[in-house]
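Visitor: Data file my_file_15.cif (mmCIF, C-alpha atoms) is appended below.
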data_run
loop_
_atom_site.group_PDB
_atom_site.id
_atom_site.type_symbol
_atom_site.label_atom_id
_atom_site.label_comp_id
_atom_site.auth_asym_id
_atom_site.auth_seq_id
_atom_site.Cartn_x
_atom_site.Cartn_y
_atom_site.Cartn_z
ATOM 1 C CA MET C 1045 -114.065 -179.858 56.162
ATOM 2 C CA SER C 1046 -113.045 -176.219 56.496
ATOM 3 C CA THR C 1047 -112.826 -174.452 53.133
ATOM 4 C CA LEU C 1048 -112.760 -170.865 51.931
ATOM 5 C CA TYR C 1049 -115.070 -170.552 48.932
ATOM 6 C CA ILE C 1050 -114.576 -167.607 46.574
ATOM 7 C CA VAL C 1051 -118.068 -167.245 45.170
ATOM 8 C CA ALA C 1052 -118.964 -165.270 42.035
ATOM 9 C CA THR C 1053 -122.291 -163.465 42.324
ATOM 10 C CA PRO C 1054 -124.497 -161.675 39.747
ATOM 11 C CA ILE C 1055 -123.312 -158.370 38.306
ATOM 12 C CA GLY C 1056 -126.902 -157.179 38.042
ATOM 13 C CA ASN C 1057 -129.684 -159.633 37.315
ATOM 14 C CA LEU C 1058 -130.116 -161.793 40.439
ATOM 15 C CA GLN C 1059 -130.920 -164.830 38.278
ATOM 16 C CA ASP C 1060 -127.355 -164.854 36.942
ATOM 17 C CA VAL C 1061 -126.060 -167.106 39.703
ATOM 18 C CA SER C 1062 -125.087 -170.761 39.458
ATOM 19 C CA LEU C 1063 -126.877 -173.566 41.258
ATOM 20 C CA ARG C 1064 -123.560 -174.496 42.828
ATOM 21 C CA ALA C 1065 -123.061 -170.970 44.158
ATOM 22 C CA LEU C 1066 -126.500 -171.045 45.788
ATOM 23 C CA GLU C 1067 -125.780 -174.430 47.346
ATOM 24 C CA VAL C 1068 -122.469 -173.190 48.769
ATOM 25 C CA LEU C 1069 -124.003 -169.986 50.129
ATOM 26 C CA LYS C 1070 -126.717 -172.063 51.774
ATOM 27 C CA SER C 1071 -124.418 -174.667 53.310
ATOM 28 C CA VAL C 1072 -121.461 -172.651 54.664
ATOM 29 C CA ASP C 1073 -121.160 -171.639 58.282
ATOM 30 C CA LEU C 1074 -120.523 -168.006 57.396
ATOM 31 C CA VAL C 1075 -120.757 -165.657 54.419
ATOM 32 C CA ALA C 1076 -118.131 -162.909 54.408
ATOM 33 C CA ALA C 1077 -119.467 -160.085 52.228
ATOM 34 C CA GLU C 1078 -117.850 -156.921 50.917
ATOM 35 C CA ASP C 1079 -121.210 -155.219 51.516
ATOM 36 C CA THR C 1080 -123.687 -157.195 53.619
ATOM 37 C CA ARG C 1081 -126.596 -155.091 52.344
ATOM 38 C CA VAL C 1082 -125.874 -156.091 48.758
ATOM 39 C CA ALA C 1083 -125.295 -159.726 49.672
ATOM 40 C CA GLN C 1084 -128.509 -159.819 51.704
ATOM 41 C CA LYS C 1085 -130.562 -158.975 48.610
ATOM 42 C CA LEU C 1086 -129.134 -161.991 46.791
ATOM 43 C CA LEU C 1087 -129.581 -164.337 49.713
ATOM 44 C CA THR C 1088 -133.135 -163.158 50.373
ATOM 45 C CA ALA C 1089 -134.077 -163.509 46.694
ATOM 46 C CA HIS C 1090 -133.058 -167.159 46.818
ATOM 47 C CA GLY C 1091 -134.385 -167.986 50.282
ATOM 48 C CA ILE C 1092 -130.994 -168.290 51.966
ATOM 49 C CA SER C 1093 -130.549 -167.320 55.613
ATOM 50 C CA SER C 1094 -126.848 -167.978 56.220
ATOM 51 C CA ARG C 1095 -125.039 -165.901 58.825
ATOM 52 C CA MET C 1096 -123.061 -162.983 57.399
ATOM 53 C CA ILE C 1097 -120.125 -160.839 58.397
ATOM 54 C CA SER C 1098 -118.754 -157.666 56.797
ATOM 55 C CA TYR C 1099 -115.365 -158.076 55.113
ATOM 56 C CA HIS C 1100 -113.860 -155.302 52.973
ATOM 57 C CA GLN C 1101 -110.588 -153.507 52.240
ATOM 58 C CA HIS C 1102 -110.886 -151.247 55.283
ATOM 59 C CA ASN C 1103 -111.312 -154.026 57.861
ATOM 60 C CA ALA C 1104 -109.333 -156.881 56.273
ATOM 61 C CA ASP C 1105 -106.393 -156.534 58.688
ATOM 62 C CA GLU C 1106 -108.795 -156.946 61.602
ATOM 63 C CA LYS C 1107 -110.985 -159.668 60.070
ATOM 64 C CA ASP C 1108 -108.336 -161.913 58.511
ATOM 65 C CA PRO C 1109 -107.165 -163.407 61.863
ATOM 66 C CA GLN C 1110 -110.787 -163.884 63.007
ATOM 67 C CA LEU C 1111 -111.783 -165.690 59.824
ATOM 68 C CA LEU C 1112 -108.620 -167.782 59.901
ATOM 69 C CA GLU C 1113 -109.439 -168.908 63.446
ATOM 70 C CA LEU C 1114 -112.933 -169.981 62.360
ATOM 71 C CA LEU C 1115 -111.516 -171.915 59.423
ATOM 72 C CA GLN C 1116 -108.955 -173.622 61.664
ATOM 73 C CA GLN C 1117 -111.834 -174.646 63.929
ATOM 74 C CA GLY C 1118 -113.353 -176.508 60.988
ATOM 75 C CA GLN C 1119 -115.906 -173.976 59.804
ATOM 76 C CA SER C 1120 -116.468 -173.205 56.108
ATOM 77 C CA ILE C 1121 -116.688 -169.646 54.784
ATOM 78 C CA ALA C 1122 -117.922 -168.168 51.514
ATOM 79 C CA TYR C 1123 -116.541 -164.811 50.413
ATOM 80 C CA VAL C 1124 -118.608 -162.634 48.053
ATOM 81 C CA SER C 1125 -117.821 -159.185 46.688
ATOM 82 C CA ASP C 1126 -120.404 -156.567 45.761
ATOM 83 C CA ALA C 1127 -120.882 -158.129 42.326
ATOM 84 C CA GLY C 1128 -119.160 -160.494 39.930
ATOM 85 C CA THR C 1129 -116.053 -162.579 40.523
ATOM 86 C CA PRO C 1130 -114.196 -161.631 43.746
ATOM 87 C CA LEU C 1131 -110.567 -160.479 43.772
ATOM 88 C CA LEU C 1132 -110.837 -158.849 40.321
ATOM 89 C CA SER C 1133 -110.340 -155.233 41.456
ATOM 90 C CA ASP C 1134 -111.910 -156.344 44.757
ATOM 91 C CA PRO C 1135 -110.561 -157.071 48.246
ATOM 92 C CA GLY C 1136 -109.903 -160.629 49.438
ATOM 93 C CA HIS C 1137 -106.307 -161.317 48.389
ATOM 94 C CA SER C 1138 -104.941 -161.188 51.937
ATOM 95 C CA LEU C 1139 -107.489 -163.736 53.173
ATOM 96 C CA VAL C 1140 -106.742 -166.119 50.317
ATOM 97 C CA ARG C 1141 -103.003 -165.792 50.944
ATOM 98 C CA ILE C 1142 -103.395 -166.556 54.658
ATOM 99 C CA CYS C 1143 -105.413 -169.667 53.822
ATOM 100 C CA TYR C 1144 -102.668 -170.966 51.527
ATOM 101 C CA GLN C 1145 -100.067 -170.248 54.197
ATOM 102 C CA HIS C 1146 -102.042 -172.352 56.696
ATOM 103 C CA ASP C 1147 -102.938 -175.191 54.281
ATOM 104 C CA ILE C 1148 -106.629 -174.339 54.264
ATOM 105 C CA PRO C 1149 -108.337 -175.271 50.961
ATOM 106 C CA VAL C 1150 -109.480 -172.389 48.761
ATOM 107 C CA THR C 1151 -112.116 -173.220 46.156
ATOM 108 C CA ALA C 1152 -113.401 -170.990 43.346
ATOM 109 C CA ILE C 1153 -117.108 -171.057 42.561
ATOM 110 C CA PRO C 1154 -117.107 -169.489 39.084
ATOM 111 C CA GLY C 1155 -119.796 -167.290 37.651
ATOM 112 C CA ALA C 1156 -120.506 -163.777 36.451
ATOM 113 C CA SER C 1157 -117.738 -161.273 35.708
ATOM 114 C CA ALA C 1158 -118.288 -157.799 34.296
ATOM 115 C CA ALA C 1159 -114.964 -157.984 32.445
ATOM 116 C CA MET C 1160 -115.787 -161.290 30.764
ATOM 117 C CA ALA C 1161 -119.384 -160.317 30.039
ATOM 118 C CA ALA C 1162 -118.187 -157.202 28.221
ATOM 119 C CA PHE C 1163 -115.345 -159.025 26.460
ATOM 120 C CA SER C 1164 -117.772 -161.635 25.154
ATOM 121 C CA ILE C 1165 -119.574 -158.968 23.106
ATOM 122 C CA ASN C 1166 -116.538 -156.988 21.936
ATOM 123 C CA PRO C 1167 -116.575 -155.965 18.234
ATOM 124 C CA PHE C 1168 -112.809 -156.213 17.709
ATOM 125 C CA ASN C 1169 -112.564 -159.934 16.926
ATOM 126 C CA ALA C 1170 -110.163 -160.052 19.879
ATOM 127 C CA SER C 1171 -109.215 -163.362 21.467
ATOM 128 C CA ARG C 1172 -106.434 -162.055 23.736
ATOM 129 C CA PHE C 1173 -106.653 -159.320 26.339
ATOM 130 C CA SER C 1174 -104.865 -157.499 29.134
ATOM 131 C CA PHE C 1175 -106.952 -156.848 32.244
ATOM 132 C CA GLU C 1176 -105.928 -153.518 33.789
ATOM 133 C CA GLY C 1177 -108.891 -152.858 36.071
ATOM 134 C CA PHE C 1178 -108.890 -149.325 37.481
ATOM 135 C CA LEU C 1179 -106.079 -147.077 36.258
ATOM 136 C CA PRO C 1180 -104.484 -144.588 38.706
ATOM 137 C CA PRO C 1181 -106.902 -141.851 39.835
ATOM 138 C CA LYS C 1182 -104.485 -138.965 39.178
ATOM 139 C CA SER C 1183 -104.107 -137.788 35.591
ATOM 140 C CA ALA C 1184 -100.292 -137.748 35.536
ATOM 141 C CA ALA C 1185 -99.977 -141.325 36.775
ATOM 142 C CA ARG C 1186 -102.855 -142.418 34.555
ATOM 143 C CA CYS C 1187 -101.225 -140.945 31.443
ATOM 144 C CA GLU C 1188 -97.931 -142.618 32.323
ATOM 145 C CA ARG C 1189 -99.669 -145.991 32.539
ATOM 146 C CA LEU C 1190 -101.440 -145.346 29.242
ATOM 147 C CA ARG C 1191 -98.084 -144.584 27.620
ATOM 148 C CA GLN C 1192 -96.815 -147.930 28.881
ATOM 149 C CA LEU C 1193 -99.851 -149.599 27.303
ATOM 150 C CA GLN C 1194 -99.660 -147.632 24.053
ATOM 151 C CA GLY C 1195 -98.131 -150.427 22.000
ATOM 152 C CA GLU C 1196 -100.129 -153.260 23.610
ATOM 153 C CA THR C 1197 -101.522 -155.408 20.783
ATOM 154 C CA ARG C 1198 -104.037 -157.229 22.968
ATOM 155 C CA ALA C 1199 -107.408 -155.698 23.788
ATOM 156 C CA ILE C 1200 -107.260 -153.819 27.117
ATOM 157 C CA ILE C 1201 -110.056 -154.203 29.678
ATOM 158 C CA LEU C 1202 -110.500 -151.280 32.062
ATOM 159 C CA TYR C 1203 -112.891 -150.447 34.874
ATOM 160 C CA GLU C 1204 -113.850 -146.871 35.713
ATOM 161 C CA SER C 1205 -116.316 -145.046 37.942
ATOM 162 C CA LYS C 1206 -118.761 -142.406 36.761
ATOM 163 C CA HIS C 1207 -116.725 -139.739 38.557
ATOM 164 C CA ARG C 1208 -113.536 -140.197 36.511
ATOM 165 C CA LEU C 1209 -114.822 -141.506 33.192
ATOM 166 C CA LEU C 1210 -114.609 -138.213 31.293
ATOM 167 C CA GLU C 1211 -111.096 -137.557 32.584
ATOM 168 C CA LEU C 1212 -110.011 -141.059 31.587
ATOM 169 C CA VAL C 1213 -111.346 -140.681 28.041
ATOM 170 C CA SER C 1214 -109.650 -137.291 27.701
ATOM 171 C CA ASP C 1215 -106.320 -138.766 28.819
ATOM 172 C CA MET C 1216 -106.719 -141.708 26.426
ATOM 173 C CA ILE C 1217 -107.231 -139.296 23.527
ATOM 174 C CA THR C 1218 -104.122 -137.355 24.554
ATOM 175 C CA VAL C 1219 -101.925 -140.448 24.774
ATOM 176 C CA LEU C 1220 -103.456 -142.879 22.279
ATOM 177 C CA GLY C 1221 -105.056 -140.573 19.717
ATOM 178 C CA GLU C 1222 -108.686 -139.861 19.011
ATOM 179 C CA GLU C 1223 -109.104 -142.606 16.379
ATOM 180 C CA ARG C 1224 -108.421 -145.604 18.664
ATOM 181 C CA GLU C 1225 -111.548 -147.782 18.840
ATOM 182 C CA ILE C 1226 -113.221 -148.505 22.160
ATOM 183 C CA MET C 1227 -116.298 -150.247 23.535
ATOM 184 C CA LEU C 1228 -118.048 -149.010 26.674
ATOM 185 C CA ALA C 1229 -120.445 -151.193 28.652
ATOM 186 C CA ARG C 1230 -122.619 -149.931 31.492
ATOM 187 C CA GLU C 1231 -125.083 -151.700 33.798
ATOM 188 C CA LEU C 1232 -124.564 -155.083 32.090
ATOM 189 C CA SER C 1233 -127.446 -157.515 32.730
ATOM 190 C CA LYS C 1234 -129.497 -154.749 34.362
ATOM 191 C CA LEU C 1235 -132.614 -152.941 33.178
ATOM 192 C CA HIS C 1236 -130.702 -149.951 31.782
ATOM 193 C CA GLU C 1237 -127.851 -151.867 30.154
ATOM 194 C CA GLN C 1238 -125.968 -149.735 27.657
ATOM 195 C CA VAL C 1239 -123.204 -150.651 25.200
ATOM 196 C CA PHE C 1240 -121.471 -148.048 23.024
ATOM 197 C CA TYR C 1241 -118.847 -148.759 20.353
ATOM 198 C CA ALA C 1242 -116.969 -145.927 18.652
ATOM 199 C CA SER C 1243 -113.660 -144.101 18.377
ATOM 200 C CA LEU C 1244 -112.329 -142.318 21.454
ATOM 201 C CA ALA C 1245 -113.267 -138.970 19.895
ATOM 202 C CA GLU C 1246 -116.843 -140.128 19.271
ATOM 203 C CA LEU C 1247 -117.088 -141.528 22.796
ATOM 204 C CA GLU C 1248 -116.019 -138.189 24.273
ATOM 205 C CA VAL C 1249 -118.725 -136.402 22.272
ATOM 206 C CA ALA C 1250 -121.352 -138.937 23.346
ATOM 207 C CA LEU C 1251 -120.410 -138.499 27.006
ATOM 208 C CA ASN C 1252 -120.564 -134.717 26.773
ATOM 209 C CA ASP C 1253 -123.950 -134.634 25.054
ATOM 210 C CA ASP C 1254 -125.475 -137.103 27.553
ATOM 211 C CA ARG C 1255 -126.027 -139.987 25.138
ATOM 212 C CA ILE C 1256 -124.328 -142.133 27.770
ATOM 213 C CA THR C 1257 -125.703 -141.970 31.288
ATOM 214 C CA LEU C 1258 -123.046 -141.375 33.915
ATOM 215 C CA LYS C 1259 -124.400 -143.844 36.465
ATOM 216 C CA GLY C 1260 -122.941 -147.037 37.862
ATOM 217 C CA GLU C 1261 -119.520 -148.448 37.045
ATOM 218 C CA PHE C 1262 -118.187 -148.872 33.540
ATOM 219 C CA VAL C 1263 -116.269 -151.539 31.671
ATOM 220 C CA LEU C 1264 -114.145 -150.217 28.812
ATOM 221 C CA ILE C 1265 -112.539 -152.430 26.180
ATOM 222 C CA LEU C 1266 -109.853 -150.647 24.230
ATOM 223 C CA LYS C 1267 -108.833 -152.108 20.889
ATOM 224 C CA GLY C 1268 -105.250 -153.298 20.838
ATOM 225 C CA ASP C 1269 -102.632 -151.421 18.859
ATOM 226 C CA ASP C 1270 -102.678 -152.745 15.300
ATOM 227 C CA GLY C 1271 -99.892 -150.465 14.141
ATOM 228 C CA SER C 1272 -102.181 -148.185 12.122
ATOM 229 C CA CYS C 1273 -101.692 -145.226 14.445
ATOM 230 C CA HIS C 1274 -97.914 -145.527 14.195
ATOM 231 C CA GLN C 1275 -98.129 -145.836 10.419
ATOM 232 C CA ASP C 1276 -100.289 -142.725 10.216
ATOM 233 C CA GLU C 1277 -97.682 -140.822 12.235
ATOM 234 C CA ARG C 1278 -94.848 -142.073 10.028
ATOM 235 C CA GLN C 1279 -96.762 -140.997 6.928
ATOM 236 C CA ARG C 1280 -97.307 -137.561 8.441
ATOM 237 C CA GLN C 1281 -93.603 -137.227 9.150
ATOM 238 C CA ALA C 1282 -92.701 -138.407 5.625
ATOM 239 C CA ASP C 1283 -95.067 -135.824 4.170
ATOM 240 C CA ILE C 1284 -93.299 -133.068 6.134
ATOM 241 C CA LEU C 1285 -89.946 -134.390 4.937
ATOM 242 C CA PHE C 1286 -90.964 -134.216 1.268
ATOM 243 C CA GLN C 1287 -92.212 -130.676 1.773
ATOM 244 C CA GLN C 1288 -88.815 -129.668 3.160
ATOM 245 C CA LEU C 1289 -86.682 -131.535 0.615
ATOM 246 C CA LYS C 1290 -88.493 -130.814 -2.627
ATOM 247 C CA THR C 1291 -86.285 -127.791 -3.439
ATOM 248 C CA CYS C 1292 -82.930 -129.341 -2.531
ATOM 249 C CA MET C 1293 -83.139 -133.068 -3.278
ATOM 250 C CA SER C 1294 -84.392 -135.156 -6.178
ATOM 251 C CA GLN C 1295 -87.670 -137.012 -5.768
ATOM 252 C CA ARG C 1296 -85.922 -140.373 -6.011
ATOM 253 C CA ASP C 1297 -83.336 -139.499 -3.343
ATOM 254 C CA ALA C 1298 -86.052 -138.092 -1.076
ATOM 255 C CA VAL C 1299 -88.021 -141.346 -1.387
ATOM 256 C CA ASP C 1300 -84.875 -143.364 -0.597
ATOM 257 C CA LEU C 1301 -84.269 -141.273 2.503
ATOM 258 C CA ALA C 1302 -87.886 -141.488 3.667
ATOM 259 C CA GLN C 1303 -87.900 -145.257 3.203
ATOM 260 C CA THR C 1304 -84.779 -145.570 5.340
ATOM 261 C CA LEU C 1305 -86.181 -143.313 8.062
ATOM 262 C CA PHE C 1306 -89.793 -144.425 8.244
ATOM 263 C CA LYS C 1307 -89.851 -148.029 6.924
ATOM 264 C CA LEU C 1308 -92.971 -147.403 4.806
ATOM 265 C CA PRO C 1309 -93.813 -149.147 1.494
ATOM 266 C CA ARG C 1310 -91.890 -147.575 -1.386
ATOM 267 C CA ASN C 1311 -94.966 -147.222 -3.594
ATOM 268 C CA THR C 1312 -96.744 -145.338 -0.823
ATOM 269 C CA LEU C 1313 -93.820 -142.961 -0.449
ATOM 270 C CA LYS C 1314 -93.512 -142.425 -4.197
ATOM 271 C CA MET C 1315 -97.178 -141.380 -4.406
ATOM 272 C CA MET C 1316 -96.780 -139.055 -1.420
ATOM 273 C CA ALA C 1317 -93.622 -137.475 -2.854
ATOM 274 C CA ALA C 1318 -95.181 -137.021 -6.287
ATOM 275 C CA LYS C 1319 -97.783 -134.616 -4.859
ATOM 276 C CA HIS C 1320 -95.035 -132.274 -3.658
ATOM 277 C CA TYR C 1321 -92.656 -132.572 -6.556
ATOM 278 C CA GLN C 1322 -95.371 -132.113 -9.192
ATOM 279 C CA VAL C 1323 -96.274 -128.805 -7.550
ATOM 280 C CA SER C 1324 -92.664 -127.720 -7.871
#
Would you write out, as structure tokens, the structure that this file holds?
Guide:
Amino acid sequence: MSTLYIVATPIGNLQDVSLRALEVLKSVDLVAAEDTRVAQKLLTAHGISSRMISYHQHNADEKDPQLLELLQQGQSIAYVSDAGTPLLSDPGHSLVRICYQHDIPVTAIPGASAAMAAFSINPFNASRFSFEGFLPPKSAARCERLRQLQGETRAIILYESKHRLLELVSDMITVLGEEREIMLARELSKLHEQVFYASLAELEVALNDDRITLKGEFVLILKGDDGSCHQDERQRQADILFQQLKTCMSQRDAVDLAQTLFKLPRNTLKMMAAKHYQVS
């Protein structure tokens, strides 16, 4: 029976592939691969000689009708991306959509995913996440998206290339503040696997002093907003307010005003105000 199989492949170590995935790759009539050179290494390592065809974002419009015709003739096709689970920041959506439109079965063969591999070792005790993939390549658009994500309480999973990583971290510091926690994972499951957990400011330093090798693609897991950054900003603003009011308003009235404006605990505000009013 004709079926399109969406097959997850290893993200590095060629042993990280399921028995079912190998059986599907061996039995299908055709393997459509984002990069046939990459796919050939996997197939050769496991003694598979299935016929392959190149299928990627630049030829999808041309290949979709050809693959659909083969499927309608009763052939089965496996689609594999360069690494990991296809369609996560990978091409393939148009082919899947066409199959649904023509009542051709689409079956997922689950397996490795860089996003899930990184999330499984996150230090944030996070159980919920937002997958953002690659942010816009231009700084202005990237910063705008980061501003939209600023109050996101879930962990945020990002992908980035070596070419834009430093720019991304710089923009995150500008928008989110240098204290936001982040985990970086590089070359997961490969020989030179590297995981780095720190604040955004510490990550920027580590990138600039070459403690992190700028090779391969990166998975970044940004800690969700826990409100601490907003509270810090409110405390800063309250501190400025007390400085301005200490000569023209009583300490009690200043605390009342600050509590109304900034919604901070009264005891916290009283201690902050006391520092200014004692000086007076």
Visitor: Might you pull out every residue within 7 Å of region 1208-1220 of chain C, with only C-alpha atoms counted and same-chain residues fewer than 4 positions away left off, and present them as a ChimeraX atom specification?
Guide: /C:1187,1190-1191,1194,1204,1224,1244,1248
Visitor: Between CA of Asp1105 (chain C) and CA of Tyr1049 (chain C), what is the spacing in Å?
Guide: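 Separation between CA of Tyr1049 (chain C) and CA of Asp1105 (chain C): 19.2 Å.
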Visitor: So what do you get for CA of Glu1223 (chain C) versus CA of Ala1185 (chain C), distance-wise?
Guide: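 Result for CA of Glu1223 (chain C) versus CA of Ala1185 (chain C): 22.4 Å, one decimal.
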Visitor: Kindly provide the residues of region 1223-1263 of chain C that approach region 1159-1170 of chain C to within 9 Å, each paired with its closest atom pair and their distance in Å to one decimal, based on all atoms listed in the file, listed by chain and increasing number, as CSV.
Guide:
residue,atom,partner,partner_atom,distance
C:Glu1225,CA,C:Phe1168,CA,8.6
C:Ile1226,CA,C:Phe1168,CA,8.9
C:Met1227,CA,C:Asn1166,CA,6.9
C:Leu1228,CA,C:Ala1162,CA,8.3
C:Ala1229,CA,C:Ala1162,CA,6.4
C:Leu1232,CA,C:Ala1161,CA,7.6
C:Ser1233,CA,C:Ala1161,CA,8.9
C:Val1239,CA,C:Ala1162,CA,8.8
C:Tyr1241,CA,C:Pro1167,CA,7.8
C:Val1263,CA,C:Ala1159,CA,6.6
Visitor: One decimal, Å: what's the distance from CA of Leu1132 (chain C) over to CA of Val1051 (chain C), could you say?
Guide: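 Calculated distance between CA of Leu1132 (chain C) and CA of Val1051 (chain C) is 12.1 Å.
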Visitor: When you count all atoms listed in the file, which of these residues is closest to Asp1269 (chain C): C:Leu1069, C:Ile1121, C:Ala1199, C:Ala1083?
Guide: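 Closest candidate: C:Ala1199.
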Visitor: Quick one: everything within 12 Å of Leu1063 (chain C), counting all atoms listed in the file, minus sequence neighbours fewer than 4 positions away in the same chain. Send it as a ChimeraX atom specification.
Guide: /C:1051-1053,1059,1067-1070,1090,1153-1155
Visitor: Take the point (-110.3, -170.3, 62.0) in the file's coordinates, draw a sphere of radius 12 Å around it, and report as an NGL selection string every protein, DNA or RNA residue with an atom inside or on it, counting all atoms listed in the file.
Guide: :C and (1045-1048 or 1073-1074 or 1107-1121 or 1139 or 1142-1143 or 1146-1148)
Visitor: Residues picked by the PyMOL selection byres ((chain C and resi 1285) around 12) here, as a PyMOL selection string?
Guide: chain C and resi 1278-1284+1286-1293+1295+1297-1303+1305-1306+1313+1316-1317+1320-1321
Visitor: Generate the coordinates of N, CA and C atoms for region 1061-1083 of chain C; report them as an mmCIF file, in the coordinates of the input.
Guide:
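Saved the output as part.cif:
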data_model
loop_
_atom_site.group_PDB
_atom_site.id
_atom_site.type_symbol
_atom_site.label_atom_id
_atom_site.label_comp_id
_atom_site.auth_asym_id
_atom_site.auth_seq_id
_atom_site.Cartn_x
_atom_site.Cartn_y
_atom_site.Cartn_z
ATOM 1 N N VAL C 1061 -126.854 -166.471 38.664
ATOM 2 C CA VAL C 1061 -126.060 -167.106 39.703
ATOM 3 C C VAL C 1061 -126.162 -168.611 39.503
ATOM 4 N N SER C 1062 -125.071 -169.322 39.716
ATOM 5 C CA SER C 1062 -125.087 -170.761 39.458
ATOM 6 C C SER C 1062 -125.776 -171.522 40.585
ATOM 7 N N LEU C 1063 -126.268 -172.699 40.251
ATOM 8 C CA LEU C 1063 -126.877 -173.566 41.258
ATOM 9 C C LEU C 1063 -125.849 -173.948 42.322
ATOM 10 N N ARG C 1064 -124.615 -174.146 41.890
ATOM 11 C CA ARG C 1064 -123.560 -174.496 42.828
ATOM 12 C C ARG C 1064 -123.293 -173.356 43.791
ATOM 13 N N ALA C 1065 -123.282 -172.119 43.284
ATOM 14 C CA ALA C 1065 -123.061 -170.970 44.158
ATOM 15 C C ALA C 1065 -124.151 -170.882 45.217
ATOM 16 N N LEU C 1066 -125.396 -171.098 44.821
ATOM 17 C CA LEU C 1066 -126.500 -171.045 45.788
ATOM 18 C C LEU C 1066 -126.360 -172.140 46.832
ATOM 19 N N GLU C 1067 -125.950 -173.320 46.405
ATOM 20 C CA GLU C 1067 -125.780 -174.430 47.346
ATOM 21 C C GLU C 1067 -124.671 -174.126 48.354
ATOM 22 N N VAL C 1068 -123.572 -173.544 47.872
ATOM 23 C CA VAL C 1068 -122.469 -173.190 48.769
ATOM 24 C C VAL C 1068 -122.905 -172.112 49.749
ATOM 25 N N LEU C 1069 -123.555 -171.069 49.252
ATOM 26 C CA LEU C 1069 -124.003 -169.986 50.129
ATOM 27 C C LEU C 1069 -124.984 -170.482 51.190
ATOM 28 N N LYS C 1070 -125.734 -171.498 50.832
ATOM 29 C CA LYS C 1070 -126.717 -172.063 51.774
ATOM 30 C C LYS C 1070 -126.049 -172.958 52.823
ATOM 31 N N SER C 1071 -124.984 -173.634 52.443
ATOM 32 C CA SER C 1071 -124.418 -174.667 53.310
ATOM 33 C C SER C 1071 -123.264 -174.203 54.191
ATOM 34 N N VAL C 1072 -122.625 -173.076 53.869
ATOM 35 C CA VAL C 1072 -121.461 -172.651 54.664
ATOM 36 C C VAL C 1072 -121.882 -172.167 56.045
ATOM 37 N N ASP C 1073 -120.904 -172.136 56.930
ATOM 38 C CA ASP C 1073 -121.160 -171.639 58.282
ATOM 39 C C ASP C 1073 -121.259 -170.122 58.320
ATOM 40 N N LEU C 1074 -120.574 -169.467 57.368
ATOM 41 C CA LEU C 1074 -120.523 -168.006 57.396
ATOM 42 C C LEU C 1074 -120.305 -167.474 55.987
ATOM 43 N N VAL C 1075 -120.988 -166.367 55.675
ATOM 44 C CA VAL C 1075 -120.757 -165.657 54.419
ATOM 45 C C VAL C 1075 -120.062 -164.343 54.748
ATOM 46 N N ALA C 1076 -118.849 -164.173 54.258
ATOM 47 C CA ALA C 1076 -118.131 -162.909 54.408
ATOM 48 C C ALA C 1076 -118.429 -162.072 53.164
ATOM 49 N N ALA C 1077 -118.987 -160.885 53.356
ATOM 50 C CA ALA C 1077 -119.467 -160.085 52.228
ATOM 51 C C ALA C 1077 -118.814 -158.710 52.230
ATOM 52 N N GLU C 1078 -118.417 -158.264 51.040
ATOM 53 C CA GLU C 1078 -117.850 -156.921 50.917
ATOM 54 C C GLU C 1078 -118.853 -155.878 51.385
ATOM 55 N N ASP C 1079 -120.125 -156.082 51.046
ATOM 56 C CA ASP C 1079 -121.210 -155.219 51.516
ATOM 57 C C ASP C 1079 -122.369 -156.131 51.889
ATOM 58 N N THR C 1080 -122.651 -156.249 53.166
ATOM 59 C CA THR C 1080 -123.687 -157.195 53.619
ATOM 60 C C THR C 1080 -125.065 -156.805 53.109
ATOM 61 N N ARG C 1081 -125.291 -155.518 52.861
ATOM 62 C CA ARG C 1081 -126.596 -155.091 52.344
ATOM 63 C C ARG C 1081 -126.827 -155.614 50.932
ATOM 64 N N VAL C 1082 -125.777 -155.569 50.122
ATOM 65 C CA VAL C 1082 -125.874 -156.091 48.758
ATOM 66 C C VAL C 1082 -126.037 -157.602 48.781
ATOM 67 N N ALA C 1083 -125.230 -158.267 49.598
ATOM 68 C CA ALA C 1083 -125.295 -159.726 49.672
ATOM 69 C C ALA C 1083 -126.650 -160.190 50.205
#
